[in-house]
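Notes follow once the structure below has been shown.
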Amino acid sequence: MYEQLNELKQYLRVDTDLTEDDNLILSLADTAIAYIEQSTGKKYVKDNIFDLTIKQLVAHWYENRKIMADGNYKNNGSELPYAATLLIKHIALSGAYEVKT
């Protein structure tokens with residue numbers, strides 16, 4: 001389980017004293033780790049690149065919780081942010097990360 005809730009809330013600009021979404025935010029972080037590991041084949045490690053990728057995915061999913069698209073493809077949340085996509089590619093190609101077995 002991802003344990004940096006306050007860092008995530010700061011990145012999301014959610015007040016730390018607001019707790020109603022805490023479980024959702026942590027769940028999104030755990031999902032982001034699983035998504036990155038499955039997309040890259042690399043094992044999660046706590047470092048700045050992996051953590052920024054988690055934060056970007058969590059922010060994207062947190063802000064785009066609609067089930068249905070609104071007809072505007074660029075604003076419907078179905079496409080990952082370009083920066084997150086680049087970071088995921090970097091993790092996949094980098095020899096600095098252990099292959100997940």
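We name chains A, B, ... following the order of the structure tokens; residues begin at 1 in each chain, and ligands are numbered from 1 as shown.
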If you count only C-alpha atoms, which residues fall within 10 Å of A:Thr40, apart from same-chain ones fewer than 3 positions away, as an MDAnalysis selection string?
chainID A and resid 34:37 43 88:94 97 99:100
Output of the above residues as a short mmCIF file (atom, residue, chain, number, x, y, z; two decimals), in the first residue's frame, restricted to all heavy atoms:
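Just written: part35.cif:
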data_model
loop_
_atom_site.label_atom_id
_atom_site.label_comp_id
_atom_site.auth_asym_id
_atom_site.auth_seq_id
_atom_site.Cartn_x
_atom_site.Cartn_y
_atom_site.Cartn_z
N ALA A 34 0.35 -0.55 -9.54
CA ALA A 34 0.05 -1.77 -10.30
C ALA A 34 0.07 -1.47 -11.80
O ALA A 34 0.63 -2.26 -12.59
CB ALA A 34 -1.29 -2.35 -9.88
N TYR A 35 -0.49 -0.36 -12.21
CA TYR A 35 -0.53 0.02 -13.63
C TYR A 35 0.89 0.20 -14.18
O TYR A 35 1.21 -0.30 -15.25
CB TYR A 35 -1.33 1.31 -13.79
CG TYR A 35 -1.46 1.75 -15.23
CD1 TYR A 35 -2.49 1.28 -16.02
CD2 TYR A 35 -0.56 2.66 -15.78
CE1 TYR A 35 -2.61 1.68 -17.34
CE2 TYR A 35 -0.67 3.06 -17.09
CZ TYR A 35 -1.70 2.57 -17.88
OH TYR A 35 -1.80 2.98 -19.19
N ILE A 36 1.72 0.91 -13.43
CA ILE A 36 3.10 1.14 -13.87
C ILE A 36 3.87 -0.17 -13.95
O ILE A 36 4.57 -0.44 -14.93
CB ILE A 36 3.81 2.15 -12.95
CG1 ILE A 36 3.13 3.51 -13.01
CG2 ILE A 36 5.29 2.28 -13.32
CD1 ILE A 36 3.52 4.46 -11.89
N GLU A 37 3.74 -1.00 -12.91
CA GLU A 37 4.44 -2.28 -12.91
C GLU A 37 4.00 -3.16 -14.08
O GLU A 37 4.83 -3.77 -14.76
CB GLU A 37 4.22 -3.02 -11.59
CG GLU A 37 4.97 -2.43 -10.43
CD GLU A 37 4.78 -3.21 -9.14
OE1 GLU A 37 3.75 -3.90 -8.97
OE2 GLU A 37 5.68 -3.12 -8.27
N LYS A 43 9.66 -3.42 -11.23
CA LYS A 43 9.20 -3.46 -9.84
C LYS A 43 9.22 -2.07 -9.23
O LYS A 43 10.14 -1.28 -9.45
CB LYS A 43 10.14 -4.39 -9.06
CG LYS A 43 9.73 -4.68 -7.65
CD LYS A 43 10.69 -5.69 -7.05
CE LYS A 43 10.33 -5.98 -5.61
NZ LYS A 43 11.26 -6.92 -5.01
N ILE A 88 6.41 6.74 -17.81
CA ILE A 88 6.19 5.29 -17.86
C ILE A 88 7.15 4.66 -18.87
O ILE A 88 7.75 3.61 -18.60
CB ILE A 88 4.71 4.98 -18.19
CG1 ILE A 88 3.84 5.35 -17.00
CG2 ILE A 88 4.53 3.51 -18.57
CD1 ILE A 88 2.34 5.35 -17.28
N LYS A 89 7.32 5.30 -20.02
CA LYS A 89 8.29 4.79 -21.02
C LYS A 89 9.70 4.79 -20.45
O LYS A 89 10.46 3.85 -20.66
CB LYS A 89 8.25 5.64 -22.29
CG LYS A 89 7.14 5.29 -23.21
CD LYS A 89 7.28 6.09 -24.50
CE LYS A 89 6.14 5.76 -25.44
NZ LYS A 89 6.21 6.53 -26.68
N HIS A 90 10.05 5.85 -19.74
CA HIS A 90 11.39 5.93 -19.14
C HIS A 90 11.61 4.78 -18.17
O HIS A 90 12.66 4.12 -18.21
CB HIS A 90 11.58 7.27 -18.42
CG HIS A 90 12.83 7.30 -17.60
ND1 HIS A 90 14.07 7.49 -18.17
CD2 HIS A 90 13.03 7.13 -16.27
CE1 HIS A 90 14.99 7.44 -17.21
NE2 HIS A 90 14.39 7.23 -16.06
N ILE A 91 10.64 4.53 -17.30
CA ILE A 91 10.77 3.43 -16.34
C ILE A 91 10.91 2.11 -17.08
O ILE A 91 11.75 1.27 -16.72
CB ILE A 91 9.56 3.41 -15.37
CG1 ILE A 91 9.60 4.65 -14.46
CG2 ILE A 91 9.55 2.13 -14.54
CD1 ILE A 91 8.32 4.90 -13.68
N ALA A 92 10.13 1.91 -18.13
CA ALA A 92 10.18 0.66 -18.90
C ALA A 92 11.54 0.44 -19.53
O ALA A 92 12.05 -0.68 -19.55
CB ALA A 92 9.09 0.66 -19.97
N LEU A 93 12.15 1.50 -20.02
CA LEU A 93 13.41 1.38 -20.76
C LEU A 93 14.65 1.48 -19.88
O LEU A 93 15.74 1.09 -20.29
CB LEU A 93 13.49 2.44 -21.85
CG LEU A 93 12.42 2.34 -22.94
CD1 LEU A 93 12.49 3.55 -23.87
CD2 LEU A 93 12.55 1.04 -23.71
N SER A 94 14.50 2.00 -18.67
CA SER A 94 15.64 2.24 -17.80
C SER A 94 16.17 0.96 -17.19
O SER A 94 15.42 0.11 -16.72
CB SER A 94 15.24 3.20 -16.68
OG SER A 94 16.31 3.38 -15.79
N TYR A 97 15.83 0.12 -12.92
CA TYR A 97 14.73 -0.51 -12.22
C TYR A 97 14.76 -2.02 -12.42
O TYR A 97 14.98 -2.50 -13.52
CB TYR A 97 13.39 0.06 -12.70
CG TYR A 97 13.27 1.53 -12.44
CD1 TYR A 97 13.54 2.44 -13.46
CD2 TYR A 97 12.92 2.02 -11.20
CE1 TYR A 97 13.45 3.80 -13.23
CE2 TYR A 97 12.83 3.37 -10.97
CZ TYR A 97 13.11 4.26 -11.99
OH TYR A 97 13.03 5.60 -11.74
N VAL A 99 13.56 -5.76 -12.86
CA VAL A 99 12.47 -6.40 -13.58
C VAL A 99 11.58 -7.13 -12.57
O VAL A 99 12.08 -7.82 -11.68
CB VAL A 99 13.00 -7.38 -14.65
CG1 VAL A 99 11.87 -8.17 -15.30
CG2 VAL A 99 13.83 -6.63 -15.69
N LYS A 100 10.28 -6.94 -12.71
CA LYS A 100 9.32 -7.59 -11.80
C LYS A 100 9.14 -9.04 -12.25
O LYS A 100 8.89 -9.31 -13.40
CB LYS A 100 7.99 -6.86 -11.82
CG LYS A 100 7.01 -7.40 -10.82
CD LYS A 100 5.80 -6.49 -10.74
CE LYS A 100 4.71 -7.09 -9.91
NZ LYS A 100 4.93 -7.03 -8.50
#
Who sits within 10 Å of A:Tyr2, only C-alpha atoms, same chain under 5 positions skipped, as an MDAnalysis selection string
chainID A and resid 8 25:33 46 51 54
Neighbours of A:Lys55 within 9 Å (only C-alpha atoms; same-chain residues fewer than 2 positions away dropped), as JSON, numbers by chain?
{"A": [7, 8, 11, 12, 29, 32, 50, 51, 52, 53, 57, 58, 59, 60]}
As an mmCIF file with C-alpha atoms, in the first residue's frame, please: all residues of chain A that backbone DSSP puts in alpha helix (DSSP H).
data_model
loop_
_atom_site.group_PDB
_atom_site.id
_atom_site.type_symbol
_atom_site.label_atom_id
_atom_site.label_comp_id
_atom_site.auth_asym_id
_atom_site.auth_seq_id
_atom_site.Cartn_x
_atom_site.Cartn_y
_atom_site.Cartn_z
ATOM 1 C CA LEU A 5 -1.043 10.302 1.614
ATOM 2 C CA ASN A 6 -0.016 13.832 2.627
ATOM 3 C CA GLU A 7 2.328 14.127 -0.383
ATOM 4 C CA LEU A 8 -0.470 13.013 -2.685
ATOM 5 C CA LYS A 9 -2.941 15.425 -1.125
ATOM 6 C CA GLN A 10 -0.454 18.266 -1.479
ATOM 7 C CA TYR A 11 0.076 17.374 -5.164
ATOM 8 C CA LEU A 12 -3.705 17.234 -5.671
ATOM 9 C CA ASP A 22 -8.348 9.600 1.729
ATOM 10 C CA ASN A 23 -9.263 5.990 0.938
ATOM 11 C CA LEU A 24 -9.962 6.874 -2.696
ATOM 12 C CA ILE A 25 -6.619 8.667 -3.045
ATOM 13 C CA LEU A 26 -4.696 5.750 -1.511
ATOM 14 C CA SER A 27 -6.592 3.294 -3.700
ATOM 15 C CA LEU A 28 -5.707 5.325 -6.788
ATOM 16 C CA ALA A 29 -2.053 5.312 -5.710
ATOM 17 C CA ASP A 30 -2.056 1.532 -5.305
ATOM 18 C CA THR A 31 -3.721 1.244 -8.707
ATOM 19 C CA ALA A 32 -1.085 3.549 -10.212
ATOM 20 C CA ILE A 33 1.708 1.341 -8.863
ATOM 21 C CA ALA A 34 0.053 -1.765 -10.305
ATOM 22 C CA TYR A 35 -0.526 0.018 -13.628
ATOM 23 C CA ILE A 36 3.101 1.143 -13.872
ATOM 24 C CA GLU A 37 4.444 -2.281 -12.913
ATOM 25 C CA GLN A 38 2.193 -4.069 -15.408
ATOM 26 C CA SER A 39 2.889 -1.531 -18.172
ATOM 27 C CA THR A 40 6.657 -1.535 -17.714
ATOM 28 C CA ASN A 48 11.497 10.566 -7.447
ATOM 29 C CA ILE A 49 10.670 9.355 -10.965
ATOM 30 C CA PHE A 50 8.363 6.552 -9.845
ATOM 31 C CA ASP A 51 6.697 8.809 -7.256
ATOM 32 C CA LEU A 52 6.100 11.621 -9.765
ATOM 33 C CA THR A 53 4.544 9.114 -12.164
ATOM 34 C CA ILE A 54 2.258 7.874 -9.377
ATOM 35 C CA LYS A 55 1.270 11.438 -8.509
ATOM 36 C CA GLN A 56 0.489 12.273 -12.122
ATOM 37 C CA LEU A 57 -1.651 9.165 -12.591
ATOM 38 C CA VAL A 58 -3.473 9.736 -9.297
ATOM 39 C CA ALA A 59 -4.145 13.383 -10.211
ATOM 40 C CA HIS A 60 -5.416 12.400 -13.642
ATOM 41 C CA TRP A 61 -7.735 9.692 -12.332
ATOM 42 C CA TYR A 62 -8.867 11.797 -9.366
ATOM 43 C CA GLU A 63 -9.837 14.702 -11.612
ATOM 44 C CA TYR A 82 1.744 13.132 -22.033
ATOM 45 C CA ALA A 83 4.215 13.633 -19.166
ATOM 46 C CA ALA A 84 2.943 10.500 -17.393
ATOM 47 C CA THR A 85 3.252 8.514 -20.616
ATOM 48 C CA LEU A 86 6.866 9.664 -21.031
ATOM 49 C CA LEU A 87 7.723 8.755 -17.433
ATOM 50 C CA ILE A 88 6.188 5.285 -17.858
ATOM 51 C CA LYS A 89 8.286 4.788 -21.016
ATOM 52 C CA HIS A 90 11.387 5.933 -19.139
ATOM 53 C CA ILE A 91 10.766 3.429 -16.339
ATOM 54 C CA ALA A 92 10.180 0.665 -18.896
ATOM 55 C CA LEU A 93 13.415 1.376 -20.759
#
Can you work out the spacing between atom CA of A:Glu3 and atom CA of A:Leu18 in Å, to one decimal?
16.8 Å
